[in-house]
>>> print(open('final-v1.txt').read())   # compact mmCIF, C-alpha atoms
# COMPACT_ATOMS: atom_id res chain seq x y z
CA MET A 1 -5.49 170.49 76.98
CA ASN A 2 -7.36 168.59 74.28
CA HIS A 3 -6.95 169.12 70.53
CA PRO A 4 -10.23 171.01 69.91
CA GLU A 5 -9.43 173.35 72.80
CA GLN A 6 -5.91 173.93 71.45
CA MET A 7 -7.35 174.68 68.03
CA TYR A 8 -9.85 177.10 69.55
CA ASN A 9 -6.95 178.85 71.29
CA TYR A 10 -5.31 179.17 67.87
CA HIS A 11 -8.55 180.62 66.47
CA THR A 12 -8.60 183.20 69.26
CA TRP A 13 -4.94 184.09 68.73
CA ALA A 14 -5.41 184.39 64.95
CA ASN A 15 -8.45 186.65 65.40
CA GLN A 16 -6.52 188.81 67.85
CA THR A 17 -3.57 188.92 65.46
CA ILE A 18 -5.59 190.09 62.46
CA LEU A 19 -7.54 192.57 64.60
CA GLY A 20 -4.26 193.91 65.96
CA ARG A 21 -3.00 194.42 62.41
CA ILE A 22 -6.16 196.24 61.36
CA LYS A 23 -5.91 198.42 64.49
CA GLU A 24 -2.47 199.62 63.30
CA LEU A 25 -4.01 201.00 60.11
CA PRO A 26 -6.06 204.17 59.64
CA SER A 27 -9.51 203.70 61.18
CA SER A 28 -11.15 204.32 57.80
CA VAL A 29 -9.78 201.02 56.45
CA LEU A 30 -12.45 199.12 58.42
CA SER A 31 -15.26 200.57 56.31
CA GLN A 32 -13.40 201.15 53.04
CA GLU A 33 -15.20 199.36 50.20
CA VAL A 34 -13.39 196.63 48.32
CA ASN A 35 -14.47 194.30 45.52
CA SER A 36 -14.10 191.00 47.35
CA SER A 37 -16.01 188.34 49.26
CA PHE A 38 -17.31 191.02 51.62
CA PRO A 39 -17.85 194.72 50.88
CA THR A 40 -15.68 195.86 53.81
CA LEU A 41 -13.35 194.46 56.46
CA ALA A 42 -16.04 195.24 59.03
CA HIS A 43 -18.49 192.98 57.17
CA ALA A 44 -15.93 190.15 57.11
CA LEU A 45 -15.15 190.50 60.82
CA ASN A 46 -18.84 190.66 61.61
CA HIS A 47 -19.46 187.48 59.63
CA ILE A 48 -16.79 185.58 61.57
CA TYR A 49 -18.29 186.81 64.84
CA VAL A 50 -21.90 185.97 63.90
CA VAL A 51 -21.01 182.44 62.82
CA ASP A 52 -18.88 181.90 65.94
CA LYS A 53 -21.83 183.09 68.05
CA MET A 54 -24.28 180.84 66.23
CA TRP A 55 -22.10 177.76 66.76
CA TYR A 56 -21.60 178.69 70.42
CA LEU A 57 -25.38 178.63 70.83
CA VAL A 58 -25.54 175.23 69.13
CA LEU A 59 -22.72 173.86 71.29
CA THR A 60 -24.52 175.02 74.42
CA GLY A 61 -27.75 173.26 73.48
CA THR A 62 -29.73 175.52 71.16
CA ASP A 63 -31.21 173.89 68.06
CA MET A 64 -29.28 175.04 64.98
CA ARG A 65 -32.36 176.52 63.32
CA GLU A 66 -33.12 178.53 66.47
CA ALA A 67 -29.48 179.61 66.77
CA LEU A 68 -29.51 180.83 63.17
CA GLN A 69 -32.70 182.81 63.81
CA ALA A 70 -31.25 184.31 66.99
CA CYS A 71 -28.08 185.41 65.19
CA MET A 72 -29.66 186.72 61.97
CA PRO A 73 -30.15 190.26 63.36
CA LEU A 74 -26.43 190.39 64.20
CA ASN A 75 -25.65 190.33 60.47
CA GLU A 76 -26.86 193.94 60.30
CA ASN A 77 -24.80 195.04 63.31
CA ILE A 78 -21.70 196.29 61.48
CA LEU A 79 -19.50 198.03 64.03
CA ASP A 80 -17.60 201.29 63.51
CA SER A 81 -14.29 200.54 65.21
CA VAL A 82 -11.73 197.80 65.56
CA ASP A 83 -11.86 198.24 69.33
CA GLU A 84 -15.56 197.31 69.27
CA TYR A 85 -14.72 194.10 67.38
CA ILE A 86 -11.87 193.36 69.77
CA GLN A 87 -14.29 193.64 72.69
CA LEU A 88 -17.01 191.59 70.99
CA PHE A 89 -14.60 188.75 70.12
CA ALA A 90 -13.09 188.83 73.63
CA GLN A 91 -16.50 188.40 75.26
CA LEU A 92 -17.37 185.46 73.02
CA THR A 93 -13.93 183.91 73.57
CA ASP A 94 -14.54 183.99 77.33
CA GLN A 95 -17.84 182.19 76.81
CA TYR A 96 -16.23 179.52 74.60
CA ARG A 97 -13.36 178.98 77.04
CA ASP A 98 -15.74 178.61 79.98
CA TRP A 99 -17.78 176.11 77.97
CA LEU A 100 -14.68 174.18 76.85
CA GLN A 101 -13.34 173.95 80.40
CA ASN A 102 -16.62 172.44 81.58
CA GLN A 103 -16.81 169.74 78.91
CA ASP A 104 -16.04 166.21 79.99
CA ASN A 105 -16.46 164.63 76.57
CA LEU A 106 -16.01 166.61 73.37
CA GLU A 107 -16.46 163.37 71.43
CA GLN A 108 -20.07 163.24 72.59
CA THR A 109 -22.51 163.44 69.69
CA VAL A 110 -25.63 165.53 69.38
CA LEU A 111 -28.29 165.50 66.72
CA LEU A 112 -27.53 168.46 64.45
CA ASP A 113 -30.37 169.62 62.23
CA ASN A 114 -28.43 171.72 59.73
CA PRO A 115 -30.86 173.54 57.41
CA PHE A 116 -28.09 173.85 54.80
CA ALA A 117 -27.43 170.11 54.75
CA GLU A 118 -29.33 167.46 56.66
CA ILE A 119 -29.74 165.93 60.09
CA ARG A 120 -26.73 164.03 61.41
CA GLN A 121 -25.10 162.95 64.63
CA THR A 122 -22.22 165.39 65.11
CA ARG A 123 -19.45 165.39 67.68
CA LEU A 124 -18.97 168.54 69.75
CA SER A 125 -15.30 168.44 68.73
CA GLU A 126 -16.30 168.55 65.04
CA MET A 127 -18.28 171.72 65.66
CA VAL A 128 -15.40 173.39 67.48
CA LEU A 129 -13.04 172.47 64.64
CA HIS A 130 -15.55 173.84 62.14
CA VAL A 131 -15.54 177.19 63.98
CA VAL A 132 -11.74 177.26 63.70
CA ASN A 133 -11.73 176.26 60.03
CA HIS A 134 -14.43 178.81 59.16
CA GLY A 135 -12.44 181.57 60.87
CA SER A 136 -9.26 180.58 59.04
CA TYR A 137 -11.03 180.72 55.70
CA HIS A 138 -12.38 184.21 56.32
CA ARG A 139 -9.17 185.56 57.85
CA GLY A 140 -7.71 184.61 54.47
CA ASN A 141 -10.39 186.77 52.85
CA ILE A 142 -9.43 189.60 55.18
CA SER A 143 -5.75 189.24 54.27
CA THR A 144 -6.63 189.48 50.58
CA MET A 145 -8.88 192.48 51.23
CA LEU A 146 -6.09 194.24 53.11
CA ARG A 147 -3.75 193.75 50.16
CA GLN A 148 -6.40 195.04 47.75
CA LEU A 149 -6.67 198.14 49.95
CA GLY A 150 -2.91 198.65 49.68
CA HIS A 151 -1.89 197.30 53.10
CA ALA A 152 0.16 194.32 54.13
CA SER A 153 -1.59 191.67 56.17
CA ILE A 154 0.01 189.66 58.95
CA MET A 155 0.79 185.98 59.25
CA ASN A 156 -1.68 184.10 61.39
CA ASP A 157 -0.97 180.50 60.37
CA TYR A 158 -1.37 177.70 62.88
CA ALA A 159 2.33 176.78 62.58
CA LEU A 160 3.24 180.34 63.62
CA PHE A 161 0.87 180.12 66.57
CA TRP A 162 3.03 177.36 68.03
CA TYR A 163 5.83 179.89 68.61
CA GLN A 164 3.90 183.01 69.63
CA GLU A 165 2.97 184.66 72.85
CA PRO A 166 -0.65 185.79 73.02
CA ALA A 167 -1.26 188.95 70.97
CA LYS A 168 -1.39 192.21 72.93
CA ILE A 169 -4.28 194.30 71.68
>>> encode(input="final-v1.txt", output="structure tokens")
Amino acid sequence: MNHPEQMYNYHTWANQTILGRIKELPSSVLSQEVNSSFPTLAHALNHIYVVDKMWYLVLTGTDMREALQACMPLNENILDSVDEYIQLFAQLTDQYRDWLQNQDNLEQTVLLDNPFAEIRQTRLSEMVLHVVNHGSYHRGNISTMLRQLGHASIMNDYALFWYQEPAKI
């Protein structure tokens, strides 16, 4: 297994871990308002999913501007239950894993036209690692939001991932 694939497996495990923790809490916590980076946990989870989906489209050959346009409507699709997010993330994880298994060269570069930056040659591996890093950043937001709502979070650090069995959710 290559490093980007290992890191994506961590990303999947960390998402499952935080979703599993939220599932243990009263269902109302998902939509409870908090003064943070996102108005609710559901909004934060949705953001992680939408960005993961957008990058999946880019990795599979869609121009970044087109991928952004395709995913924009998903920003409004805030789900009502943790189980719905679990299912959504699981489906996308399957797509990523299939794609990763069929890649011969993750160091291959593609021309990335990023409307938030500029055009650059970008390795596929860099994009995968960006997905992981972006998810880590926002799982940190979710951990803070949980504490603000009066609940403990759960560790989902990469170093902990080394010792864990896959989360059961």
>>> residues_near_point(input="final-v1.txt", point="(-18.9, 188.5, 64.1)", cutoff="9 Å", atoms="all atoms listed in the file", output="list in words")
Ala42, His43, Ala44, Leu45, Asn46, His47, Ile48, Tyr49, Val50, Val51, Asp52, Lys53, Leu74, Asn75, Asn77, Ile78, Tyr85, Leu88 and Phe89 of chain A
>>> residues_near_point(input="final-v1.txt", point="(-30.7, 175.7, 66.7)", cutoff="9 Å", atoms="all atoms listed in the file", output="PyMOL selection string")
chain A and resi 54-55+57-58+61-70+112-114
>>> closest_residue(input="final-v1.txt", among="A:Arg147, A:Ile119, A:Pro4, A:Phe38", to="Gln103 in chain A", atoms="all atoms listed in the file")
A:Pro4
>>> closest_residue(input="final-v1.txt", among="A:Leu25, A:Met72, A:Leu59, A:Ile142", to="Leu106 in chain A", atoms="only C-alpha atoms")
A:Leu59
>>> residues_around(input="final-v1.txt", residues="range 81-83 of chain A", least_positions_apart="4", cutoff="8 Å", atoms="only C-alpha atoms", output="list of chain:residue names")
A:Leu19, A:Ile22, A:Lys23, A:Ser27, A:Leu30, A:Gln87
>>> residues_around(input="final-v1.txt", residues="Thr122 in chain A", least_positions_apart="3", cutoff="8 Å", atoms="all atoms listed in the file", output="list in words")
Thr109, Val110, Leu111, Leu112, Glu126 and Met127 of chain A
>>> atom_distance(input="final-v1.txt", atom1="CA of Pro115 in chain A", atom2="CA of Gly140 in chain A")
25.8 Å
>>> atom_distance(input="final-v1.txt", atom1="CA of Glu33 in chain A", atom2="CA of His130 in chain A")
28.2 Å
>>> closest_residue(input="final-v1.txt", among="A:Ser125, A:Gln32, A:Thr60, A:Asn156", to="Glu5 in chain A", atoms="only C-alpha atoms")
A:Ser125
>>> closest_residue(input="final-v1.txt", among="A:Glu107, A:Asn102, A:Pro26, A:Gln91", to="Gly150 in chain A", atoms="all atoms listed in the file")
A:Pro26
>>> residues_around(input="final-v1.txt", residues="Gly135 in chain A", least_positions_apart="4", cutoff="8 Å", atoms="only C-alpha atoms", output="list of chain:residue names")
A:His11, A:Asn15, A:Ile48, A:Val131, A:Arg139
>>> atom_distance(input="final-v1.txt", atom1="CA of Val29 in chain A", atom2="CA of Leu41 in chain A")
7.5 Å
>>> closest_residue(input="final-v1.txt", among="A:Thr12, A:Asn133, A:Ser28, A:Gln108", to="Thr40 in chain A", atoms="all atoms listed in the file")
A:Ser28
>>> closest_residue(input="final-v1.txt", among="A:Asp104, A:Glu24, A:Asp94, A:Asp80", to="Asn2 in chain A", atoms="only C-alpha atoms")
A:Asp104
>>> residues_around(input="final-v1.txt", residues="Tyr10 in chain A", least_positions_apart="2", cutoff="9 Å", atoms="all atoms listed in the file", output="tab-separated table (two decimals) with C-alpha atoms, in the coordinates of the input")
chain	number	residue	atom	x	y	z
A	5	GLU	CA	-9.43	173.35	72.80
A	6	GLN	CA	-5.91	173.93	71.45
A	7	MET	CA	-7.35	174.68	68.03
A	8	TYR	CA	-9.85	177.10	69.55
A	12	THR	CA	-8.60	183.20	69.26
A	13	TRP	CA	-4.94	184.09	68.73
A	14	ALA	CA	-5.41	184.39	64.95
A	15	ASN	CA	-8.45	186.65	65.40
A	132	VAL	CA	-11.74	177.26	63.70
A	156	ASN	CA	-1.68	184.10	61.39
A	157	ASP	CA	-0.97	180.50	60.37
A	158	TYR	CA	-1.37	177.70	62.88
A	161	PHE	CA	0.87	180.12	66.57
A	162	TRP	CA	3.03	177.36	68.03
>>> build_atoms(input="final-v1.txt", residues="range 93-113 of chain A", atoms="N, CA and C atoms", output="PDB file, keeping the file's coordinate frame")
ATOM      1  N   THR A  93     -15.036 184.811  73.234  1.00  0.00           N
ATOM      2  CA  THR A  93     -13.930 183.910  73.570  1.00  0.00           C
ATOM      3  C   THR A  93     -14.046 183.447  75.017  1.00  0.00           C
ATOM      4  N   ASP A  94     -14.363 184.367  75.922  1.00  0.00           N
ATOM      5  CA  ASP A  94     -14.540 183.990  77.330  1.00  0.00           C
ATOM      6  C   ASP A  94     -15.649 182.960  77.483  1.00  0.00           C
ATOM      7  N   GLN A  95     -16.737 183.146  76.737  1.00  0.00           N
ATOM      8  CA  GLN A  95     -17.840 182.190  76.810  1.00  0.00           C
ATOM      9  C   GLN A  95     -17.414 180.822  76.286  1.00  0.00           C
ATOM     10  N   TYR A  96     -16.721 180.793  75.146  1.00  0.00           N
ATOM     11  CA  TYR A  96     -16.230 179.520  74.600  1.00  0.00           C
ATOM     12  C   TYR A  96     -15.281 178.840  75.578  1.00  0.00           C
ATOM     13  N   ARG A  97     -14.350 179.597  76.132  1.00  0.00           N
ATOM     14  CA  ARG A  97     -13.360 178.980  77.040  1.00  0.00           C
ATOM     15  C   ARG A  97     -14.030 178.413  78.284  1.00  0.00           C
ATOM     16  N   ASP A  98     -15.010 179.138  78.826  1.00  0.00           N
ATOM     17  CA  ASP A  98     -15.740 178.610  79.980  1.00  0.00           C
ATOM     18  C   ASP A  98     -16.444 177.302  79.601  1.00  0.00           C
ATOM     19  N   TRP A  99     -17.083 177.303  78.424  1.00  0.00           N
ATOM     20  CA  TRP A  99     -17.780 176.110  77.970  1.00  0.00           C
ATOM     21  C   TRP A  99     -16.794 174.948  77.786  1.00  0.00           C
ATOM     22  N   LEU A 100     -15.677 175.230  77.110  1.00  0.00           N
ATOM     23  CA  LEU A 100     -14.680 174.180  76.850  1.00  0.00           C
ATOM     24  C   LEU A 100     -14.138 173.591  78.154  1.00  0.00           C
ATOM     25  N   GLN A 101     -13.886 174.429  79.139  1.00  0.00           N
ATOM     26  CA  GLN A 101     -13.340 173.950  80.400  1.00  0.00           C
ATOM     27  C   GLN A 101     -14.324 173.065  81.170  1.00  0.00           C
ATOM     28  N   ASN A 102     -15.604 173.215  80.878  1.00  0.00           N
ATOM     29  CA  ASN A 102     -16.620 172.440  81.580  1.00  0.00           C
ATOM     30  C   ASN A 102     -17.109 171.223  80.805  1.00  0.00           C
ATOM     31  N   GLN A 103     -16.427 170.889  79.716  1.00  0.00           N
ATOM     32  CA  GLN A 103     -16.810 169.740  78.910  1.00  0.00           C
ATOM     33  C   GLN A 103     -16.002 168.519  79.307  1.00  0.00           C
ATOM     34  N   ASP A 104     -16.707 167.463  79.640  1.00  0.00           N
ATOM     35  CA  ASP A 104     -16.040 166.210  79.990  1.00  0.00           C
ATOM     36  C   ASP A 104     -15.745 165.360  78.764  1.00  0.00           C
ATOM     37  N   ASN A 105     -16.579 165.512  77.713  1.00  0.00           N
ATOM     38  CA  ASN A 105     -16.460 164.630  76.570  1.00  0.00           C
ATOM     39  C   ASN A 105     -16.801 165.373  75.280  1.00  0.00           C
ATOM     40  N   LEU A 106     -15.786 165.908  74.635  1.00  0.00           N
ATOM     41  CA  LEU A 106     -16.010 166.610  73.370  1.00  0.00           C
ATOM     42  C   LEU A 106     -16.285 165.656  72.221  1.00  0.00           C
ATOM     43  N   GLU A 107     -16.133 164.355  72.457  1.00  0.00           N
ATOM     44  CA  GLU A 107     -16.460 163.370  71.430  1.00  0.00           C
ATOM     45  C   GLU A 107     -17.914 162.934  71.521  1.00  0.00           C
ATOM     46  N   GLN A 108     -18.626 163.482  72.476  1.00  0.00           N
ATOM     47  CA  GLN A 108     -20.070 163.240  72.590  1.00  0.00           C
ATOM     48  C   GLN A 108     -20.754 163.743  71.321  1.00  0.00           C
ATOM     49  N   THR A 109     -21.767 163.003  70.871  1.00  0.00           N
ATOM     50  CA  THR A 109     -22.510 163.440  69.690  1.00  0.00           C
ATOM     51  C   THR A 109     -23.854 164.017  70.081  1.00  0.00           C
ATOM     52  N   VAL A 110     -24.290 164.953  69.251  1.00  0.00           N
ATOM     53  CA  VAL A 110     -25.630 165.530  69.380  1.00  0.00           C
ATOM     54  C   VAL A 110     -26.267 165.477  67.996  1.00  0.00           C
ATOM     55  N   LEU A 111     -27.567 165.489  67.981  1.00  0.00           N
ATOM     56  CA  LEU A 111     -28.290 165.500  66.720  1.00  0.00           C
ATOM     57  C   LEU A 111     -28.293 166.930  66.187  1.00  0.00           C
ATOM     58  N   LEU A 112     -27.643 167.131  65.057  1.00  0.00           N
ATOM     59  CA  LEU A 112     -27.530 168.460  64.450  1.00  0.00           C
ATOM     60  C   LEU A 112     -28.464 168.523  63.252  1.00  0.00           C
ATOM     61  N   ASP A 113     -29.428 169.418  63.330  1.00  0.00           N
ATOM     62  CA  ASP A 113     -30.370 169.620  62.230  1.00  0.00           C
ATOM     63  C   ASP A 113     -29.918 170.857  61.466  1.00  0.00           C
TER      64      ASP A 113
END
